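Next comes final15.txt, a file with compact mmCIF, C-alpha atoms.
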# COMPACT_ATOMS: atom_id res chain seq x y z
CA MET A 83 0.00 0.00 0.00
CA PHE A 84 1.22 3.48 -0.90
CA PHE A 85 1.08 5.97 1.96
CA CYS A 86 1.21 9.74 1.60
CA TYR A 87 2.16 12.05 4.43
CA LEU A 88 0.38 15.37 4.76
CA HIS A 89 2.29 17.86 6.87
CA ASN A 90 4.14 21.16 6.86
CA PHE A 91 1.43 23.02 4.98
CA PRO A 92 2.24 26.57 3.84
CA SER A 93 1.25 29.21 6.36
CA SER A 94 -1.14 30.84 3.87
CA ILE A 95 -3.47 27.85 4.00
CA ALA A 96 -4.68 25.40 6.60
CA HIS A 97 -2.10 23.57 8.73
CA ILE A 98 -2.81 19.84 8.81
CA SER A 99 -1.03 16.74 9.97
CA ALA A 100 -2.44 13.38 8.88
CA ASN A 101 -1.44 10.09 7.34
CA VAL A 102 -3.56 9.06 4.38
CA SER A 103 -3.55 6.04 2.09
CA LEU A 104 -4.28 7.05 -1.48
CA GLY A 105 -4.15 3.90 -3.58
CA SER A 106 -1.38 1.54 -4.59
CA ARG A 107 1.63 2.43 -6.69
CA CYS A 108 5.19 1.16 -7.10
CA ALA A 109 7.81 3.02 -5.10
CA ASN A 110 9.55 4.29 -8.21
CA ASP A 111 6.36 6.11 -9.21
CA MET A 112 6.46 8.28 -6.12
CA VAL A 113 7.27 11.96 -6.42
CA GLY A 114 9.64 12.87 -3.61
CA PRO A 115 10.53 11.19 -0.32
CA ARG A 116 7.46 12.57 1.43
CA THR A 117 5.07 12.36 -1.48
CA TRP A 118 1.71 13.94 -0.93
CA PHE A 119 -0.31 12.82 -3.93
CA GLY A 120 -1.19 9.28 -4.98
CA GLY A 121 -0.81 7.89 -8.47
CA ILE A 122 -4.19 6.49 -9.46
CA PHE A 123 -4.04 8.38 -12.74
CA PHE A 124 -1.32 6.05 -14.10
CA ARG A 125 -3.00 2.68 -13.71
CA ASN A 126 -4.68 2.39 -17.09
CA GLY A 127 -1.46 3.22 -18.90
CA ASN A 128 -1.65 2.80 -22.66
CA LYS A 129 -4.62 0.44 -22.69
CA ARG A 130 -6.94 3.22 -23.84
CA TYR A 131 -4.96 3.48 -27.06
CA GLY A 132 -4.95 -0.15 -28.17
CA ASN A 133 -7.00 0.73 -31.25
CA TYR A 134 -4.26 3.04 -32.47
CA GLU A 135 -1.46 0.49 -32.78
CA ARG A 136 -1.41 0.76 -36.55
CA ILE A 137 -1.33 4.55 -36.42
CA LEU A 138 1.50 4.45 -33.92
CA ASP A 139 3.76 2.50 -36.27
CA TYR A 140 5.53 5.67 -37.31
CA THR A 141 8.97 7.05 -38.08
CA LEU A 142 10.16 10.26 -36.46
CA THR A 143 11.55 13.01 -38.64
CA PRO A 144 15.09 14.19 -37.87
CA LEU A 145 13.69 17.34 -36.24
CA GLN A 146 11.25 15.34 -34.13
CA GLU A 147 14.08 13.04 -33.06
CA GLN A 148 16.23 16.02 -32.12
CA ARG A 149 13.53 17.84 -30.14
CA LEU A 150 12.46 14.66 -28.35
CA GLN A 151 16.05 13.85 -27.42
CA MET A 152 16.58 17.36 -26.07
CA LEU A 153 13.49 17.02 -23.91
CA LYS A 154 14.59 13.62 -22.62
CA GLU A 155 17.93 15.09 -21.64
CA ARG A 156 16.09 17.68 -19.57
CA LEU A 157 14.11 14.95 -17.84
CA ASN A 158 17.33 13.21 -16.80
CA VAL A 159 18.74 16.20 -14.91
CA PRO A 160 18.22 15.77 -11.14
CA PHE A 161 17.78 18.82 -8.96
CA ASP A 162 21.08 19.56 -7.21
CA GLU A 163 20.86 22.07 -4.40
CA ASN A 164 24.64 22.57 -4.60
CA ARG A 165 24.64 23.71 -8.25
CA PRO A 166 24.73 27.51 -8.58
CA ASP A 167 22.44 27.50 -11.64
CA HIS A 168 19.85 25.41 -9.79
CA GLN A 169 20.08 27.71 -6.79
CA ASP A 170 19.63 30.71 -9.09
CA ALA A 171 16.55 29.14 -10.68
CA LEU A 172 15.02 28.57 -7.26
CA LYS A 173 15.74 32.16 -6.23
CA ALA A 174 14.23 33.36 -9.53
CA LEU A 175 11.07 31.39 -8.81
CA TRP A 176 10.76 33.05 -5.42
CA LYS A 177 11.30 36.50 -6.89
CA ALA A 178 8.69 35.86 -9.59
CA SER A 179 6.23 34.69 -6.94
CA PHE A 180 6.88 37.23 -4.20
CA PRO A 181 8.69 40.17 -5.84
CA GLU A 182 8.19 42.44 -2.83
CA THR A 183 9.36 39.95 -0.22
CA GLY A 184 13.04 39.16 0.23
CA LEU A 185 14.05 35.52 0.58
CA THR A 186 15.97 34.80 3.77
CA GLY A 187 17.60 31.63 2.43
CA LEU A 188 17.33 28.57 0.21
CA VAL A 189 16.28 26.74 3.35
CA SER A 190 13.61 28.85 5.00
CA GLU A 191 10.14 28.56 6.48
CA GLN A 192 9.13 31.11 3.84
CA TRP A 193 8.98 28.38 1.20
CA LYS A 194 5.88 26.95 2.84
CA ASP A 195 4.02 30.05 1.68
CA MET A 196 4.46 28.79 -1.89
CA GLY A 197 3.21 25.33 -1.04
CA TRP A 198 6.36 23.31 -0.43
CA GLN A 199 6.14 20.52 2.11
CA GLY A 200 8.93 21.88 4.27
CA PRO A 201 11.53 24.66 4.54
CA ASN A 202 13.83 23.05 1.93
CA PRO A 203 12.22 22.76 -1.55
CA SER A 204 15.08 20.58 -2.80
CA THR A 205 13.61 17.59 -0.95
CA ASP A 206 10.41 17.87 -3.03
CA PHE A 207 12.28 17.97 -6.35
CA ARG A 208 13.90 14.55 -5.89
CA GLY A 209 11.07 12.64 -7.51
CA CYS A 210 10.88 14.65 -10.73
CA GLY A 211 14.15 16.52 -11.09
CA PHE A 212 15.15 19.96 -12.30
CA VAL A 213 12.57 20.00 -15.12
CA SER A 214 9.78 20.49 -12.58
CA LEU A 215 11.48 23.68 -11.36
CA GLU A 216 11.98 24.78 -14.96
CA ASN A 217 8.26 24.23 -15.57
CA LEU A 218 7.25 26.36 -12.60
CA LEU A 219 9.67 29.12 -13.54
CA PHE A 220 8.49 29.09 -17.17
CA PHE A 221 4.89 29.40 -15.97
CA ALA A 222 5.77 32.33 -13.71
CA ARG A 223 7.66 34.18 -16.44
CA THR A 224 5.48 33.42 -19.47
CA TYR A 225 1.98 33.57 -18.02
CA PRO A 226 2.44 35.63 -14.84
CA ALA A 227 -1.24 36.52 -14.49
CA SER A 228 -2.35 32.89 -14.59
CA PHE A 229 0.53 31.86 -12.36
CA ARG A 230 -0.25 34.38 -9.64
CA ARG A 231 -4.00 33.81 -9.74
CA ILE A 232 -3.44 30.11 -9.07
CA LEU A 233 -0.61 30.63 -6.57
CA PHE A 234 -2.70 32.99 -4.49
CA LYS A 235 -6.01 31.16 -5.17
CA GLN A 236 -7.62 34.37 -6.41
CA GLU A 237 -10.51 32.84 -8.36
CA GLY A 238 -13.64 30.94 -7.42
CA MET A 239 -15.03 29.45 -4.24
CA ARG A 240 -12.10 27.79 -2.52
CA ALA A 241 -12.08 24.85 -0.15
CA ALA A 242 -11.04 25.21 3.47
CA TRP A 243 -8.24 22.72 2.73
CA GLU A 244 -6.53 23.84 -0.48
CA TYR A 245 -3.88 21.95 -2.44
CA PRO A 246 -0.28 23.20 -1.94
CA PHE A 247 0.66 25.07 -5.11
CA ALA A 248 4.31 24.08 -5.53
CA VAL A 249 3.90 20.38 -4.73
CA ALA A 250 0.91 20.26 -7.08
CA GLY A 251 3.16 21.72 -9.77
CA ILE A 252 5.73 18.95 -9.35
CA ASN A 253 3.04 16.32 -9.62
CA ILE A 254 1.70 17.93 -12.80
CA SER A 255 5.18 17.69 -14.35
CA PHE A 256 5.34 14.04 -13.40
CA MET A 257 1.84 13.37 -14.71
CA LEU A 258 2.70 14.89 -18.10
CA ILE A 259 5.89 12.85 -18.42
CA ARG A 260 3.96 9.65 -17.81
CA MET A 261 0.94 10.65 -19.90
CA LEU A 262 3.14 11.43 -22.91
CA ASP A 263 5.19 8.25 -22.38
CA LEU A 264 8.42 10.25 -22.34
CA TYR A 265 10.34 7.63 -20.38
CA SER A 266 10.07 5.28 -23.39
CA GLU A 267 12.40 5.40 -26.38
CA ARG A 268 9.54 7.04 -28.20
CA PRO A 269 5.86 7.53 -27.27
CA LYS A 270 3.61 4.51 -27.69
CA ASN A 271 0.27 6.26 -27.32
CA LEU A 272 -1.62 8.71 -29.49
CA PRO A 273 -1.36 11.75 -27.20
CA GLY A 274 2.40 11.17 -26.99
CA LEU A 275 2.74 10.83 -30.74
CA ASN A 276 0.76 14.00 -31.40
CA PHE A 277 2.78 15.81 -28.77
CA VAL A 278 6.04 14.93 -30.57
CA ARG A 279 4.56 16.44 -33.72
CA ILE A 280 3.66 19.58 -31.79
CA LEU A 281 7.14 19.62 -30.25
CA SER A 282 8.69 19.76 -33.71
CA GLU A 283 6.74 22.99 -34.29
CA ASP A 284 7.60 24.55 -30.92
CA GLU A 285 10.52 23.44 -28.75
CA ALA A 286 8.84 25.03 -25.71
CA ALA A 287 5.73 22.87 -26.19
CA PHE A 288 6.30 20.79 -23.05
CA ASP A 289 6.57 23.87 -20.85
CA VAL A 290 3.49 25.47 -22.42
CA LEU A 291 1.58 22.20 -22.04
CA TYR A 292 2.54 22.24 -18.38
CA CYS A 293 1.02 25.71 -17.97
CA ILE A 294 -2.14 24.54 -19.74
CA ALA A 295 -2.37 21.48 -17.52
CA PHE A 296 -1.94 23.54 -14.35
CA GLN A 297 -4.67 25.94 -15.43
CA MET A 298 -6.94 23.03 -16.40
CA MET A 299 -6.34 21.34 -13.06
CA ASP A 300 -7.23 24.46 -11.10
CA ALA A 301 -10.35 25.01 -13.20
CA GLN A 302 -11.33 21.39 -12.63
CA TRP A 303 -10.68 21.81 -8.91
CA LEU A 304 -13.13 24.70 -8.79
CA ALA A 305 -15.72 22.99 -11.00
CA MET A 306 -15.69 19.90 -8.76
CA ARG A 307 -15.66 22.02 -5.60
CA ALA A 308 -12.87 19.74 -4.51
CA SER A 309 -10.99 19.69 -1.25
CA TYR A 310 -7.53 18.50 -0.26
CA LEU A 311 -8.05 14.74 -0.32
CA GLN A 312 -9.74 14.85 -3.75
CA PHE A 313 -6.62 16.00 -5.56
CA ASN A 314 -6.04 12.62 -7.22
CA GLU A 315 -9.55 12.66 -8.59
CA VAL A 316 -9.09 16.18 -9.94
CA LEU A 317 -5.76 15.33 -11.55
CA GLN A 318 -7.24 12.20 -13.12
CA ALA A 319 -10.05 14.27 -14.67
CA THR A 320 -7.48 16.79 -15.91
CA ARG A 321 -5.37 14.08 -17.50
CA ILE A 322 -8.36 12.55 -19.29
CA GLN A 323 -9.42 15.91 -20.73
CA LEU A 324 -5.88 16.73 -21.82
CA GLU A 325 -5.50 13.35 -23.51
CA ARG A 326 -8.72 13.96 -25.42
CA GLU A 327 -7.50 17.32 -26.64
CA LEU A 328 -4.16 15.85 -27.75
CA CYS A 329 -6.06 13.24 -29.79
CA LEU A 330 -7.99 15.82 -31.83
CA GLU A 331 -7.21 15.65 -35.54
CA ASP A 332 -6.80 19.38 -36.09
CA ILE A 333 -4.12 19.91 -33.43
CA HIS A 334 -0.88 21.01 -35.12
CA ARG A 335 0.45 23.57 -32.66
CA ILE A 336 0.28 23.83 -28.88
CA GLN A 337 -1.92 26.91 -29.37
CA ASP A 338 -4.50 24.73 -31.16
CA LEU A 339 -5.43 22.94 -27.95
CA PRO A 340 -8.83 24.22 -26.81
CA ALA A 341 -7.59 24.58 -23.22
CA TYR A 342 -4.79 26.92 -24.36
CA ASN A 343 -7.40 29.68 -24.22
CA LEU A 344 -7.54 29.30 -20.44
CA LEU A 345 -4.12 30.91 -20.13
CA TYR A 346 -3.61 34.63 -19.88
CA LYS A 347 -0.50 36.74 -19.42

What would you get if you wrote out this structure as structure tokens?
Amino acid sequence: MFFCYLHNFPSSIAHISANVSLGSRCANDMVGPRTWFGGIFFRNGNKRYGNYERILDYTLTPLQEQRLQMLKERLNVPFDENRPDHQDALKALWKASFPETGLTGLVSEQWKDMGWQGPNPSTDFRGCGFVSLENLLFFARTYPASFRRILFKQEGMRAAWEYPFAVAGINISFMLIRMLDLYSERPKNLPGLNFVRILSEDEAAFDVLYCIAFQMMDAQWLAMRASYLQFNEVLQATRIQLERELCLEDIHRIQDLPAYNLLYK
């Protein structure tokens, strides 16, 4: 049985301490040593796409191969709290989130205000690596209005127990990697295949898709009037909707996804 530990909530939302079982999953599917979210959204895997086996017998173009390889290299970079560039990225994320509040240190209770599980964000990055920080920073810089509205929960009727923003972001990165089958030599499902085609048109497609997914998840959260322990259910619904959009025939660019219109700068 997979156990998640809920503790060290950010001071801006409710403080809770509880142990909750959220479904079974292999240990190597866990995001971080103190993972909060379960992994029920991975269980069906590629079974939904069995009818597309013939379509998926494809050859990548040289550009698609190159872009996919570059993305895979990003996925293989672990977060290293001792690397100056990783430290700088973390500081940049703080500055983008709280421009008027100085950061007292890379290990600080302040990080809980962004939704990290503890005072040291590096412990939360271990399950997904540096790419999850890159995703968050891209979101903050490219779509700052959407980023801040979600970070500060500025829209809709909110639950008393809200999801922690930063940890949710890491789990969205992990969900996308699995959904697009990016750990395989090449994607074996239709959303993954179509994503590679989109990637050849825009090398930032993964980061933009992350922003779309985050916005979709928050919209789904509000629509379902969800609370803390329903996060898996919300993320599952988000994944299903995103898969459907990536299977549409007229999707050639990341901007063609219907949910792209949820983002605003």

### Message
as a list of chain:residue names, please: the residues near segment 168-171 of chain A (cut-off 12 Å, only C-alpha atoms, same-chain neighbours under 4 positions excluded).
### Response
A:Val159, A:Pro160, A:Phe161, A:Asp162, A:Glu163, A:Asn164, A:Leu175, A:Trp176, A:Lys177, A:Ala178, A:Gly187, A:Leu188, A:Val189, A:Asn202, A:Pro203, A:Ser204, A:Phe207, A:Gly211, A:Phe212, A:Val213, A:Ser214, A:Leu215, A:Glu216, A:Asn217, A:Leu218, A:Leu219, A:Phe220, A:Ala222, A:Arg223

### Task
Pick out the residues sitting within 8 Å of Thr320 of chain A, and hand them over as a list in words; count only C-alpha atoms, and ignore anything fewer than 6 positions along from it in its own chain.
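Here the qualifying residues turn out to be Ala295, Met298, Met299 and Gln302 of chain A.
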
### Task
Please measure the separation of atom CA of Phe277 of chain A and atom CA of Val249 of chain A, giving the value in Å to one decimal.
24.5 Å

### Message
Quick check, in Å to one decimal: how far apart do atom CA of Arg326 of chain A and atom CA of Phe256 of chain A lie?
### Response
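Those two atoms sit 18.5 Å apart.
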
### Query
Smallest atom-to-atom distance to Ala301 of chain A: which of A:Arg268, A:Asp284, A:Glu315, A:Leu344, using all atoms listed in the file?
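Using all atoms listed in the file, Ala301 of chain A sits closest to A:Leu344.
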
### Message
Using all atoms listed in the file for the distances, tell me which of A:Gln148, A:Ser255, A:Thr143, A:Ser179 is nearest to Ile294 of chain A.
### Response
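Closest candidate: A:Ser255.
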
### Task
For Ala286 of chain A, work out the shell of residues within 10 Å, counting only C-alpha atoms and skipping chain neighbours fewer than 5 positions away, then give it as a ChimeraX atom specification.
/A:149,153,220,280-281,291,336

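Distance annotation: of A:Tyr342, A:Phe221, A:Tyr310, A:Tyr265, the residue with the minimal separation from Asn158 of chain A is A:Tyr265; atom set is all atoms listed in the file.
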
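Counting from atom CA of Glu283 of chain A, the distance to atom CA of Gln337 of chain A is 10.7 Å.
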
### Task
Give me the residues within 12 Å of Arg307 of chain A as a PyMOL selection string, counting all atoms listed in the file and dropping any in the same chain fewer than 4 places off.
chain A and resi 238-244+299-303+311-313+315-316

Could you save those same residues with C-alpha atoms as a JSON list (two decimals), keeping the file's coordinate frame?
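Once written, again-v4.json looks like this:
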[["chain", "number", "residue", "atom", "x", "y", "z"],
["A", 238, "GLY", "CA", -13.64, 30.94, -7.42],
["A", 239, "MET", "CA", -15.03, 29.45, -4.24],
["A", 240, "ARG", "CA", -12.10, 27.79, -2.52],
["A", 241, "ALA", "CA", -12.08, 24.85, -0.15],
["A", 242, "ALA", "CA", -11.04, 25.21, 3.47],
["A", 243, "TRP", "CA", -8.24, 22.72, 2.73],
["A", 244, "GLU", "CA", -6.53, 23.84, -0.48],
["A", 299, "MET", "CA", -6.34, 21.34, -13.06],
["A", 300, "ASP", "CA", -7.23, 24.46, -11.10],
["A", 301, "ALA", "CA", -10.35, 25.01, -13.20],
["A", 302, "GLN", "CA", -11.33, 21.39, -12.63],
["A", 303, "TRP", "CA", -10.68, 21.81, -8.91],
["A", 311, "LEU", "CA", -8.05, 14.74, -0.32],
["A", 312, "GLN", "CA", -9.74, 14.85, -3.75],
["A", 313, "PHE", "CA", -6.62, 16.00, -5.56],
["A", 315, "GLU", "CA", -9.55, 12.66, -8.59],
["A", 316, "VAL", "CA", -9.09, 16.18, -9.94]]

### Summary
Trp198 of chain A proximity check over A:Ala250, A:Ala227, A:Leu264, A:Ala174, using all atoms listed in the file: winner is A:Ala250

Mind working out the centre and edge lengths of an axis-aligned box for segment 244-251 of chain A, all listed atoms inside, 3 Å added to each side, rounded to one decimal in Å and written as AutoDock Vina command-line options?
--center_x -1.1 --center_y 22.7 --center_z -5.1 --size_x 16.8 --size_y 10.8 --size_z 15.3

Limit the output to all heavy atoms and give segment 225-238 of chain A as a short mmCIF file (atom, residue, chain, number, x, y, z; two decimals), in the first residue's frame.
data_model
loop_
_atom_site.label_atom_id
_atom_site.label_comp_id
_atom_site.auth_asym_id
_atom_site.auth_seq_id
_atom_site.Cartn_x
_atom_site.Cartn_y
_atom_site.Cartn_z
N TYR A 225 3.39 33.28 -18.27
CA TYR A 225 1.98 33.57 -18.02
C TYR A 225 1.82 34.05 -16.56
O TYR A 225 1.17 33.39 -15.74
CB TYR A 225 1.12 32.33 -18.27
CG TYR A 225 1.27 31.78 -19.67
CD1 TYR A 225 2.08 30.68 -19.93
CD2 TYR A 225 0.60 32.37 -20.75
CE1 TYR A 225 2.23 30.19 -21.21
CE2 TYR A 225 0.75 31.89 -22.04
CZ TYR A 225 1.57 30.79 -22.26
OH TYR A 225 1.71 30.30 -23.54
N PRO A 226 2.43 35.19 -16.23
CA PRO A 226 2.44 35.63 -14.84
C PRO A 226 1.06 35.85 -14.23
O PRO A 226 0.86 35.59 -13.04
CB PRO A 226 3.25 36.93 -14.89
CG PRO A 226 3.17 37.38 -16.31
CD PRO A 226 3.13 36.14 -17.12
N ALA A 227 0.10 36.29 -15.03
CA ALA A 227 -1.24 36.52 -14.49
C ALA A 227 -1.88 35.21 -14.07
O ALA A 227 -2.43 35.09 -12.97
CB ALA A 227 -2.11 37.24 -15.51
N SER A 228 -1.81 34.21 -14.93
CA SER A 228 -2.35 32.89 -14.59
C SER A 228 -1.61 32.29 -13.41
O SER A 228 -2.21 31.72 -12.50
CB SER A 228 -2.26 31.95 -15.80
OG SER A 228 -3.21 32.28 -16.79
N PHE A 229 -0.30 32.41 -13.44
CA PHE A 229 0.53 31.86 -12.36
C PHE A 229 0.13 32.43 -11.01
O PHE A 229 -0.11 31.69 -10.04
CB PHE A 229 2.00 32.17 -12.65
CG PHE A 229 2.97 31.71 -11.59
CD1 PHE A 229 3.48 30.42 -11.62
CD2 PHE A 229 3.38 32.57 -10.57
CE1 PHE A 229 4.37 29.99 -10.65
CE2 PHE A 229 4.27 32.15 -9.61
CZ PHE A 229 4.76 30.85 -9.65
N ARG A 230 0.03 33.74 -10.92
CA ARG A 230 -0.25 34.38 -9.64
C ARG A 230 -1.70 34.14 -9.20
O ARG A 230 -1.95 34.00 -7.99
CB ARG A 230 0.05 35.88 -9.73
CG ARG A 230 1.54 36.18 -9.91
CD ARG A 230 1.80 37.68 -9.97
NE ARG A 230 1.50 38.35 -8.73
CZ ARG A 230 2.31 38.38 -7.68
NH1 ARG A 230 3.49 37.78 -7.73
NH2 ARG A 230 1.97 39.04 -6.59
N ARG A 231 -2.61 34.08 -10.12
CA ARG A 231 -4.00 33.81 -9.74
C ARG A 231 -4.14 32.42 -9.13
O ARG A 231 -4.92 32.22 -8.20
CB ARG A 231 -4.91 33.94 -10.96
CG ARG A 231 -5.20 35.38 -11.36
CD ARG A 231 -6.03 35.46 -12.63
NE ARG A 231 -6.22 36.83 -13.06
CZ ARG A 231 -7.29 37.57 -12.75
NH1 ARG A 231 -8.25 37.04 -12.01
NH2 ARG A 231 -7.40 38.82 -13.16
N ILE A 232 -3.38 31.46 -9.64
CA ILE A 232 -3.44 30.11 -9.07
C ILE A 232 -2.63 30.05 -7.78
O ILE A 232 -3.08 29.46 -6.78
CB ILE A 232 -2.92 29.08 -10.08
CG1 ILE A 232 -3.81 29.06 -11.33
CG2 ILE A 232 -2.89 27.68 -9.45
CD1 ILE A 232 -3.31 28.14 -12.42
N LEU A 233 -1.45 30.64 -7.77
CA LEU A 233 -0.61 30.63 -6.57
C LEU A 233 -1.36 31.19 -5.37
O LEU A 233 -1.32 30.62 -4.28
CB LEU A 233 0.67 31.43 -6.83
CG LEU A 233 1.56 31.72 -5.62
CD1 LEU A 233 2.10 30.43 -5.00
CD2 LEU A 233 2.72 32.64 -6.02
N PHE A 234 -2.02 32.32 -5.59
CA PHE A 234 -2.70 32.99 -4.49
C PHE A 234 -4.19 32.65 -4.41
O PHE A 234 -4.93 33.28 -3.65
CB PHE A 234 -2.50 34.50 -4.59
CG PHE A 234 -1.05 34.91 -4.47
CD1 PHE A 234 -0.38 35.46 -5.54
CD2 PHE A 234 -0.37 34.70 -3.28
CE1 PHE A 234 0.96 35.83 -5.44
CE2 PHE A 234 0.97 35.07 -3.16
CZ PHE A 234 1.63 35.63 -4.24
N LYS A 235 -4.62 31.65 -5.22
CA LYS A 235 -6.01 31.16 -5.17
C LYS A 235 -7.00 32.33 -5.24
O LYS A 235 -7.87 32.51 -4.39
CB LYS A 235 -6.24 30.36 -3.87
CG LYS A 235 -5.21 29.27 -3.60
CD LYS A 235 -5.26 28.17 -4.65
CE LYS A 235 -4.51 26.91 -4.23
NZ LYS A 235 -3.10 27.10 -3.91
N GLN A 236 -6.86 33.13 -6.30
CA GLN A 236 -7.62 34.37 -6.41
C GLN A 236 -8.98 34.20 -7.07
O GLN A 236 -9.77 35.13 -7.09
CB GLN A 236 -6.80 35.41 -7.19
CG GLN A 236 -5.56 35.88 -6.46
CD GLN A 236 -4.71 36.82 -7.30
OE1 GLN A 236 -4.83 36.85 -8.52
NE2 GLN A 236 -3.85 37.58 -6.64
N GLU A 237 -9.26 33.03 -7.65
CA GLU A 237 -10.51 32.84 -8.36
C GLU A 237 -11.38 31.78 -7.71
O GLU A 237 -10.87 30.79 -7.18
CB GLU A 237 -10.25 32.45 -9.82
CG GLU A 237 -9.64 33.55 -10.67
CD GLU A 237 -9.49 33.13 -12.12
OE1 GLU A 237 -9.48 31.92 -12.39
OE2 GLU A 237 -9.39 34.02 -12.98
N GLY A 238 -12.68 31.97 -7.79
CA GLY A 238 -13.64 30.94 -7.42
C GLY A 238 -13.82 30.73 -5.93
O GLY A 238 -13.13 31.31 -5.09
#
